[in-house]
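**Q** Dumping the structure here so I can ask a few things about it.
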Amino acid sequence: MAQDMVSITSVSKSFGSLRVLHDVNLSVQKSEVLCLIGPSGSGKSTLLRCVNFLETYDEGEILVEGRLVGYDQSSGTRRLMRGSQLCAMRRSIGMVFQHFNLWPHMTALDNVADPLRQVKGMSRKDAHSKAMATLEKVGLAAKADGYPAALSGGQQQRVAIARSLAMEPHLMLFDEPTSALDPELVGEVLQVMRDLANEGMTMIVVTHEIGFAARVADKVAFLDGGRIVRCGPPREVLNSPEEPRLKQFLQTYHERSQF
Amino acid sequence: MSFDLSAIVPYGPALLSGLANTLLCWIAGSLGAMALGFVVVLCRLSPIRLLSACALAYTEIIRGTPPLLVAFFIYGAGPSFGLVLEPLPAGIFALSIHGSAYMAEIYRVGFNAVPRGHVEAGVSLGLTPFAIFRRVQAPEALVAITPSLINALIVISKETSVLSIISVPELTYEVQKMSIETFAAFESLFALAIGYWIVVSSITKAGNFLERRVTRHTVRSA
Amino acid sequence: MVTIYISMLGTLVGIPIGTLILILRRCGVPGAELIARTYVSYFRSVPLLVQLLLFYNFLPVVGIDMSATTASVLALGLISGAYVAEILRGVLGSISPGQTEAARSLGYGSAAIWRAILLPQVFRLALPALMNELTLMMKSSSLISAVGIAELARTSQNIVSTTFRPIEIYAVTCVIYIAITQILLLTGRVFEHRMNRARR
C-alpha cells in the first residue's frame with residue numbers, strides 16, 4: 001500500500017480531566033477527501049487541529065507524509081518539536097478556519113502574498129504575481145485591493161482559501177469553513193473546495209454540510225464523544241447508517257431540509 | 001549606601017501624620033470629585049443649551065490642565081479672587097475640581113452606555129422617567145462605569161503627592177522634609193517610592209477585585 | 001523651557017520602551033512576564049513627582065554621571081513606557097487569537113507574527129488612547145519636573161520649613177503654563193482630527 005498522506009494512530013487527548021479524543025484511528029491517502037462529521041463537542045475540530053499541531057495530543061501518533069507531527073522522537077524519547085521545526089512542517093499543511101481569520105490591516109492581495117514573503121522568502125514581485133494568480137483561481141482577482149472589512153463572508157473565506165493555497169500545501173485542513181456564512185454564500189465556498197478536490201488536493205474537512213460530504217468526500221468519518229463511531233465511503237455511512245447515534249444525527253438533517 | 005534606620009525613628013509621628021493627610025486628601029478629594037462631577041454631568045446633559053455649553057467648557061479646560069496647575073491656581077491665585085485657603089483644604093479642593101471633570105465624563109459615558117432598548121422597555125411598561133432612572137439607568141450605568149471609576153480613584157491617590165508642592169503636609173512633603181534634615185535623600189525617597197508602590201498596587205488589586213464582582217453579571221463581548 | 005522639550009522627548013521615548021515591555025510580557029520566555037508585570041506595576045503605582053525626585057537622587061548615589069537632561073529623559077521614558085505598555089496590552093487583547101492561529105498554521109515564526117500581524121494592528125488601534133495618555137503625561141511631567149528642579153534648588157540650600165512665600169513666582173509660572181498647556185491641548189486635538197480623517 002502506498003504511504004498514507006496522513007496517518008492517525010491511537011490518538012488520545014484530554015483537556016485536564018476531560019477526555020476529548022479516545023483512541024482515534026484514521027488514514028487519508030493522497031488526493032483523498034475525508035469529511036469529519038458529528039455533533040458539537042464530538043472532538044472533530046480538536047482532531048483536525050492536532051494534525052497541524054495547533055492542539056497537542058497526548059497519546060498516539062499523527063504522521064503527515066511519514067513524519068511525526070509536533071513531536072521529535074529521533075532521540076528515542078518523545079519531546080516537543082522545536083519552533084523552527086514546527087514552522088517548517090506547517091509550510092506543507094494549509095488550514096482554513098471557520099471565522100476566516102484574515103488579517104484586517106492588509107488587503108486581500110497582501111493577506112495572500114505576505115506568507116509567501118515571510119515564510120517562503122519570495123521577493124515582493126514574485127509573491128504578488130503568485131498571489132494574484134491564486135486569487136484569480138478562487139475568482140477574486142477583482143477584489144485584490146479590497147480590505148477584508150469590505151468583503152462578504154463568502155469572499156473573505158475564499159481569500160482565506162487562496163492564502164493557504166498559494167503556499168502550495170500537500171494537505172489542506174478545513175475547520176467548518178462554511179459554518180459562519182450566510183446560507184446564500186455557502187455555495188461559492190463549497191464550489192471552490194469542490195474544484196480543489198477535483199484537482200487532486202488531499203483534504204480533511206470538518207463540516208456540517210452533509211450534502212458536500214455525500215458528493216465530494218471519498219471517506220466520511222462520524223465522531224461522537226471523541227471516538228470514531230463509523231468510517232467509510234459516503235454511500236455506506238450516510239445512506240445506510242447502522243449505529244443509533246449516527247442515525248439520530250442524520251435524522252435531524254433530513255428533517256431540516258424538508259419544507 | 002549606609003542605611004541608618006535609627007535616624008528615621010524620630011520622624012515616625014511626622015511620617016504617620018503625612019500618611020494620614022495623604023489618605024485624607026485622597027478620600028476627601030475623591031468624594032468631592034464624585035459629588036461635583038455629578039453636578040457637572042447634570043448640567044452637561046441638561047436640555048438648557050447654556051448650561052450644557054458651560055459644563056462642556058469646564059470639562060474640556062480642566063481635563064487639559066494638570067492637577068498641579070489647578071492646585072497652584074487655587075492656592076496661589078485664589079487670594080486675588082478672594083479665596084484664601086490653607087494648603088490642606090486648598091489641596092483637597094484642587095483634587096475635587098480636577099477630578100470632577102474626569103468624573104463628569106465617566107458618568108456621561110456610563111449613562112450613554114445604557115442600551116436604548118432597555119429604556120424603551122421601561123417606557124413601554126409604563127414606568128415613570130424617574131422610575132426608569134432609578135431602576136434601569138442608574139444601576140446599569142453604575143456597572144458600566146465601575147472600571148473607569150476605580151481607575152480614576154487610583155489616579156487621584158497618586159495625585160496627592162503633587163500637593164506637597166503647595167506645602168500640603170502629606171506623605172511626600174514629610175518625607176522630603178525628613179530627607180533634607182537627615183541628608184539621606186536617596187534612602188528616604190526610595191522608601192517613599194516603595195511605600196507608594198505597596199499602597200497603590202494594593203488599592204489597584206482591591207479595585208480589580210471589586211470590578212470583577214460588580215461586573216460579574218454583565219455579558220462579556222466575545 | 002527646556003523642561004517642555006525634555007518631557008516631550010521623554011514621553012516619546014516611552015513608546016519603544018513600552019513596546020519592548022509588551023513583547024517581553026507575551027514572549028513566553030520564563031520569568032519575562034513577571035519582570036514585565038513588576039515593571040509596569042512599579043512605574044504606574046508610584047506618583048510621577050516621587051519618581052522624578054528619586055531618580056535625581058538615585059544617580060549620584062550609584063555613581064552614574066549623566067547630564068540632568070539625559071537623566072530626565074531616561075526617567076520619563078521609563079515611566080511613560082509603563083503606561084504605554086499597559087495601553088498596548090489592553091489593545092492587544094482585543095485582537096482575535098484566530099489571526100495568530102492563521103499565521104502559525106501558515107508557518108510564521110514568533111518574530112514574524114509580531115512584526116507583520118500584531119504590532120501594526122496594535123499601534124493602529126491604540127493610537128487614540130496613546131495620544132491621550134501621552135499628551136497628559138507631557139503636560140504633567142513638564143510642569144512637575146520644572147517645579148521639581150526648583151524644589152531641589154531650594155532644598156539644597158537647606159531650607160527646612162515651608163517657605164512657599166514666593167507665590168508670586170509660582171503665579172507667573174502658572175500663567176505661562178496655562179498658555180502652554182492650552183496650546184498643547186489644541187495641537188493634540190488638531191492632530192487627532194487629522195488622524196481620524198486620514199483613516200476614514
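Naming works like this for the C-alpha cells: A, B, ... for the chains as they're shown, residue 1 at the start of each chain, ligands 1 onward in shown order.
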For chain B against chain C, which residues fall within 9 Å using only C-alpha atoms, given as a PyMOL selection string?
**A** chain B and resi 1+61+63-69+72-73+75-77+154-155+157-162+165-167+172+176-178+180-181+185-190+192-201+204
**Q** Could you write those residues out with N, CA and C atoms, as a tab-separated table (two decimals), in the first residue's frame?
**A**
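The result, written out as result-v5.tsv:
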chain	number	residue	atom	x	y	z
B	1	MET	N	26.28	52.79	50.58
B	1	MET	CA	24.96	53.30	50.95
B	1	MET	C	24.62	52.81	52.35
B	61	ILE	N	-11.56	72.32	29.67
B	61	ILE	CA	-10.44	73.10	30.20
B	61	ILE	C	-9.76	72.38	31.35
B	63	ARG	N	-9.85	69.21	32.19
B	63	ARG	CA	-9.20	67.95	31.84
B	63	ARG	C	-7.86	68.19	31.17
B	64	GLY	N	-7.75	69.33	30.51
B	64	GLY	CA	-6.50	69.61	29.84
B	64	GLY	C	-5.45	70.19	30.77
B	65	THR	N	-5.85	70.49	31.99
B	65	THR	CA	-4.92	71.11	32.92
B	65	THR	C	-4.38	70.09	33.91
B	66	PRO	N	-3.07	70.07	34.08
B	66	PRO	CA	-2.54	69.11	35.05
B	66	PRO	C	-3.00	69.48	36.45
B	67	PRO	N	-3.17	68.49	37.33
B	67	PRO	CA	-3.68	68.75	38.68
B	67	PRO	C	-2.82	69.76	39.45
B	68	LEU	N	-1.52	69.72	39.19
B	68	LEU	CA	-0.63	70.64	39.91
B	68	LEU	C	-0.98	72.08	39.59
B	69	LEU	N	-1.30	72.30	38.33
B	69	LEU	CA	-1.66	73.64	37.91
B	69	LEU	C	-2.94	74.11	38.58
B	72	PHE	N	-2.02	75.03	42.09
B	72	PHE	CA	-1.36	76.34	42.10
B	72	PHE	C	-2.39	77.45	42.04
B	73	PHE	N	-3.27	77.27	41.09
B	73	PHE	CA	-4.26	78.29	40.82
B	73	PHE	C	-5.09	78.58	42.05
B	75	TYR	N	-4.48	77.72	45.24
B	75	TYR	CA	-3.72	78.15	46.40
B	75	TYR	C	-3.05	79.50	46.16
B	76	GLY	N	-2.45	79.64	44.97
B	76	GLY	CA	-1.66	80.83	44.70
B	76	GLY	C	-2.46	82.00	44.16
B	77	ALA	N	-3.30	81.70	43.16
B	77	ALA	CA	-4.05	82.80	42.56
B	77	ALA	C	-5.39	83.01	43.25
B	154	ILE	N	-7.77	55.64	41.62
B	154	ILE	CA	-6.36	55.31	41.76
B	154	ILE	C	-5.49	56.48	41.30
B	155	VAL	N	-5.90	57.12	40.21
B	155	VAL	CA	-5.15	58.26	39.73
B	155	VAL	C	-5.12	59.37	40.78
B	157	SER	N	-5.30	59.04	43.95
B	157	SER	CA	-4.42	58.66	45.06
B	157	SER	C	-2.98	59.03	44.74
B	158	LYS	N	-2.62	58.96	43.47
B	158	LYS	CA	-1.26	59.34	43.11
B	158	LYS	C	-1.10	60.85	43.02
B	159	GLU	N	-2.16	61.52	42.64
B	159	GLU	CA	-2.08	62.98	42.50
B	159	GLU	C	-1.83	63.66	43.84
B	160	THR	N	-2.16	62.99	44.94
B	160	THR	CA	-1.98	63.62	46.24
B	160	THR	C	-0.52	64.02	46.46
B	161	SER	N	0.39	63.29	45.87
B	161	SER	CA	1.80	63.57	46.13
B	161	SER	C	2.20	64.93	45.58
B	162	VAL	N	1.52	65.33	44.52
B	162	VAL	CA	1.84	66.60	43.87
B	162	VAL	C	1.46	67.79	44.77
B	165	ILE	N	3.87	70.12	46.77
B	165	ILE	CA	4.50	71.32	46.23
B	165	ILE	C	3.81	72.59	46.73
B	166	ILE	N	2.52	72.48	47.03
B	166	ILE	CA	1.91	73.67	47.63
B	166	ILE	C	1.88	73.54	49.14
B	167	SER	N	2.82	72.77	49.64
B	167	SER	CA	3.08	72.59	51.07
B	167	SER	C	1.94	71.97	51.85
B	172	THR	N	4.56	62.80	50.86
B	172	THR	CA	5.72	63.20	50.08
B	172	THR	C	6.41	64.39	50.71
B	176	GLN	N	10.15	64.48	52.21
B	176	GLN	CA	11.14	65.41	51.69
B	176	GLN	C	11.79	66.20	52.81
B	177	LYS	N	10.95	66.67	53.74
B	177	LYS	CA	11.47	67.39	54.89
B	177	LYS	C	12.49	66.53	55.62
B	178	MET	N	12.08	65.27	55.83
B	178	MET	CA	12.95	64.35	56.55
B	178	MET	C	14.25	64.13	55.79
B	180	ILE	N	15.78	66.09	53.80
B	180	ILE	CA	16.68	67.25	53.87
B	180	ILE	C	17.41	67.24	55.19
B	181	GLU	N	16.64	67.02	56.26
B	181	GLU	CA	17.24	67.11	57.60
B	181	GLU	C	18.21	65.99	57.89
B	185	ALA	N	18.72	61.61	51.45
B	185	ALA	CA	17.69	61.86	50.44
B	185	ALA	C	17.32	60.59	49.69
B	186	PHE	N	18.34	59.88	49.23
B	186	PHE	CA	18.05	58.71	48.41
B	186	PHE	C	17.26	57.66	49.17
B	187	GLU	N	17.76	57.33	50.38
B	187	GLU	CA	17.08	56.26	51.13
B	187	GLU	C	15.63	56.64	51.42
B	188	SER	N	15.42	57.90	51.82
B	188	SER	CA	14.06	58.32	52.15
B	188	SER	C	13.16	58.23	50.95
B	189	LEU	N	13.65	58.75	49.84
B	189	LEU	CA	12.81	58.76	48.65
B	189	LEU	C	12.57	57.34	48.16
B	190	PHE	N	13.59	56.52	48.29
B	190	PHE	CA	13.43	55.12	47.89
B	190	PHE	C	12.33	54.47	48.72
B	192	LEU	N	9.97	55.97	50.23
B	192	LEU	CA	8.71	56.59	49.84
B	192	LEU	C	8.15	55.92	48.59
B	193	ALA	N	9.03	55.71	47.62
B	193	ALA	CA	8.59	55.08	46.38
B	193	ALA	C	8.04	53.68	46.65
B	194	ILE	N	8.78	52.93	47.45
B	194	ILE	CA	8.32	51.58	47.77
B	194	ILE	C	6.99	51.64	48.51
B	195	GLY	N	6.89	52.63	49.41
B	195	GLY	CA	5.65	52.80	50.14
B	195	GLY	C	4.48	53.04	49.22
B	196	TYR	N	4.66	53.96	48.29
B	196	TYR	CA	3.59	54.23	47.33
B	196	TYR	C	3.28	52.99	46.51
B	197	TRP	N	4.35	52.28	46.13
B	197	TRP	CA	4.17	51.10	45.31
B	197	TRP	C	3.24	50.12	46.02
B	198	ILE	N	3.56	49.88	47.28
B	198	ILE	CA	2.77	48.91	48.03
B	198	ILE	C	1.33	49.40	48.17
B	199	VAL	N	1.19	50.64	48.58
B	199	VAL	CA	-0.16	51.16	48.82
B	199	VAL	C	-0.99	51.19	47.54
B	200	VAL	N	-0.42	51.79	46.51
B	200	VAL	CA	-1.21	51.95	45.28
B	200	VAL	C	-1.49	50.62	44.61
B	201	SER	N	-0.52	49.72	44.61
B	201	SER	CA	-0.82	48.44	43.94
B	201	SER	C	-1.82	47.63	44.76
B	204	THR	N	-5.02	49.09	43.78
B	204	THR	CA	-5.33	48.62	42.43
B	204	THR	C	-5.89	47.21	42.46
**Q** List the spatial neighbours of range 30-45 of chain B as a VMD selection string - criterion: any atom at most 7 Å away, only C-alpha atoms, same-chain residues fewer than 6 positions off excluded.
**A** chain B and resid 51 to 52 55 to 56 96 to 97 99 to 101 103 to 104 107 to 108 153 156
**Q** With 7 Å as the cut-off and only C-alpha atoms counted, what is the closest atom pair between each nearby residue of chain C and chain A? Distances in Å to one decimal, ordered by chain and number, as a tab-separated table.
**A**
residue	atom	partner	partner_atom	distance
C:Gly98	CA	A:Asn101	CA	5.4
C:Gln99	CA	A:Asn101	CA	4.9
C:Ala102	CA	A:Asn101	CA	6.2
C:Ser105	CA	A:Arg90	CA	5.9
C:Leu106	CA	A:Arg91	CA	5.9
C:Gly107	CA	A:Cys87	CA	4.2
C:Tyr108	CA	A:Val119	CA	6.0
C:Gly109	CA	A:Cys87	CA	6.4
C:Gln121	CA	A:His105	CA	6.5
**Q** Could you dump the residues just selected with N, CA and C atoms as a PDB file, in the first residue's frame?
**A**
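Just written: part.pdb:
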ATOM      1  N   GLY C  98      -7.567  34.161  16.598  1.00  0.00           N
ATOM      2  CA  GLY C  98      -7.607  33.428  15.335  1.00  0.00           C
ATOM      3  C   GLY C  98      -6.584  33.919  14.341  1.00  0.00           C
ATOM      4  N   GLN C  99      -6.266  35.209  14.425  1.00  0.00           N
ATOM      5  CA  GLN C  99      -5.298  35.746  13.468  1.00  0.00           C
ATOM      6  C   GLN C  99      -3.915  35.174  13.713  1.00  0.00           C
ATOM      7  N   ALA C 102      -3.961  31.625  12.425  1.00  0.00           N
ATOM      8  CA  ALA C 102      -3.803  31.542  10.975  1.00  0.00           C
ATOM      9  C   ALA C 102      -2.333  31.698  10.604  1.00  0.00           C
ATOM     10  N   SER C 105      -0.434  28.606  11.528  1.00  0.00           N
ATOM     11  CA  SER C 105      -0.728  27.473  10.661  1.00  0.00           C
ATOM     12  C   SER C 105      -0.086  27.641   9.291  1.00  0.00           C
ATOM     13  N   LEU C 106       0.275  28.875   8.945  1.00  0.00           N
ATOM     14  CA  LEU C 106       0.953  29.084   7.670  1.00  0.00           C
ATOM     15  C   LEU C 106       2.454  28.939   7.812  1.00  0.00           C
ATOM     16  N   GLY C 107       2.899  28.782   9.050  1.00  0.00           N
ATOM     17  CA  GLY C 107       4.327  28.574   9.252  1.00  0.00           C
ATOM     18  C   GLY C 107       5.084  29.808   9.711  1.00  0.00           C
ATOM     19  N   TYR C 108       4.364  30.853  10.130  1.00  0.00           N
ATOM     20  CA  TYR C 108       5.044  32.037  10.626  1.00  0.00           C
ATOM     21  C   TYR C 108       5.723  31.743  11.954  1.00  0.00           C
ATOM     22  N   GLY C 109       6.930  32.284  12.125  1.00  0.00           N
ATOM     23  CA  GLY C 109       7.603  32.183  13.405  1.00  0.00           C
ATOM     24  C   GLY C 109       7.156  33.338  14.300  1.00  0.00           C
ATOM     25  N   GLN C 121      -1.235  46.235  13.910  1.00  0.00           N
ATOM     26  CA  GLN C 121      -2.604  46.440  14.336  1.00  0.00           C
ATOM     27  C   GLN C 121      -2.681  47.099  15.698  1.00  0.00           C
TER      28      GLN C 121
END
**Q** Between CA of Thr46 in chain A and CA of Val220 in chain A, what is the distance, to one decimal in Å?
**A**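 That distance, rounded to one decimal, is 16.7 Å.
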**Q** Can you list, as a compact mmCIF listing (two decimals) with C-alpha atoms, in the first residue's frame, every residue of range 7-49 of chain A that DSSP puts in alpha helix (DSSP H)?
**A**
# COMPACT_ATOMS: atom_id res chain seq x y z
CA LYS A 44 -13.82 16.72 15.30
CA SER A 45 -12.31 20.21 15.31
CA THR A 46 -9.88 19.21 18.02
CA LEU A 47 -8.75 16.24 15.97
CA LEU A 48 -8.31 18.40 12.90
CA ARG A 49 -6.26 20.94 14.83
**Q** Identify, on the basis of only C-alpha atoms, every residue whose closest approach to range 3-10 of chain C does not exceed 8 Å; exclude the query and any residue fewer than 2 positions from it along the same chain; express the result as a VMD selection string.
**A** chain C and resid 1 12 to 14 69 72 to 77 80 138 to 139 141 to 143 145 to 146
**Q** I want to know what sits within 12 Å of Arg194 in chain A, based on only C-alpha atoms, with residues of the same chain fewer than 2 positions away left out; could you give that as a PyMOL selection string?
**A** chain A and resi 33+138+187-192+196-203+205+211-217
**Q** Looking at only C-alpha atoms, which of B:Leu19, B:Val114, B:Leu210, B:Leu163 is the one that sits closest to Leu149 in chain B?
**A**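 Looking only at the distances to Leu149 in chain B, the closest residue turns out to be B:Leu210.
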**Q** So how many Å separate CA of Tyr39 in chain C and CA of Ser110 in chain C, to one decimal?
**A**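 Here the two named atoms are 23.2 Å from each other.
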**Q** Contacts of Val206 in chain A at 9 Å or less, counting only C-alpha atoms, minus same-chain residues fewer than 2 places along, as a list in words?
**A** Leu34, Cys35, Leu36, Ile37, Gly38, Lys44, Ser45, Leu48, Leu173, Phe174, Asp175, Glu176, Pro177, Ile204, His208 and Glu209 of chain A
**Q** What's the separation between CA of Ala144 in chain B and CA of Val122 in chain C, in Å to one decimal place?
**A**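 Interatomic distance here is 24.3 Å.
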**Q** Considering only C-alpha atoms, return as number ranges by chain whatever protein or nucleic-acid residues lie within 9 Å of Ile35 in chain C, sequence-local ones (same chain, fewer than 6 positions apart) excluded.
**A** C: 21, 24-25
**Q** For those residues, write C-alpha atoms to a file as a PDB file, in the first residue's frame.
**A**
ATOM      1  CA  ILE C  21       7.798  45.600  27.775  1.00  0.00           C
ATOM      2  CA  LEU C  24       8.554  40.825  26.996  1.00  0.00           C
ATOM      3  CA  ARG C  25       5.290  40.094  28.670  1.00  0.00           C
TER       4      ARG C  25
END
**Q** Using only C-alpha atoms, which of B:Ser17, B:Thr128, B:Asn151, B:Thr182 sits nearest Ala206 in chain B?
**A** B:Asn151
**Q** Which residue out of C:Leu22, C:Leu78, C:Leu119, C:Ala111 has the minimum interatomic distance to Ile95 in chain C when only C-alpha atoms are used?
**A**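 Nearest candidate to Ile95 in chain C out of C:Leu22, C:Leu78, C:Leu119, C:Ala111: C:Leu119.
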**Q** Considering only C-alpha atoms, can you say which of A:Ala142, A:Gly226, A:Lys125, A:Arg117 comes closest to Gly41 in chain A?
**A** A:Gly226
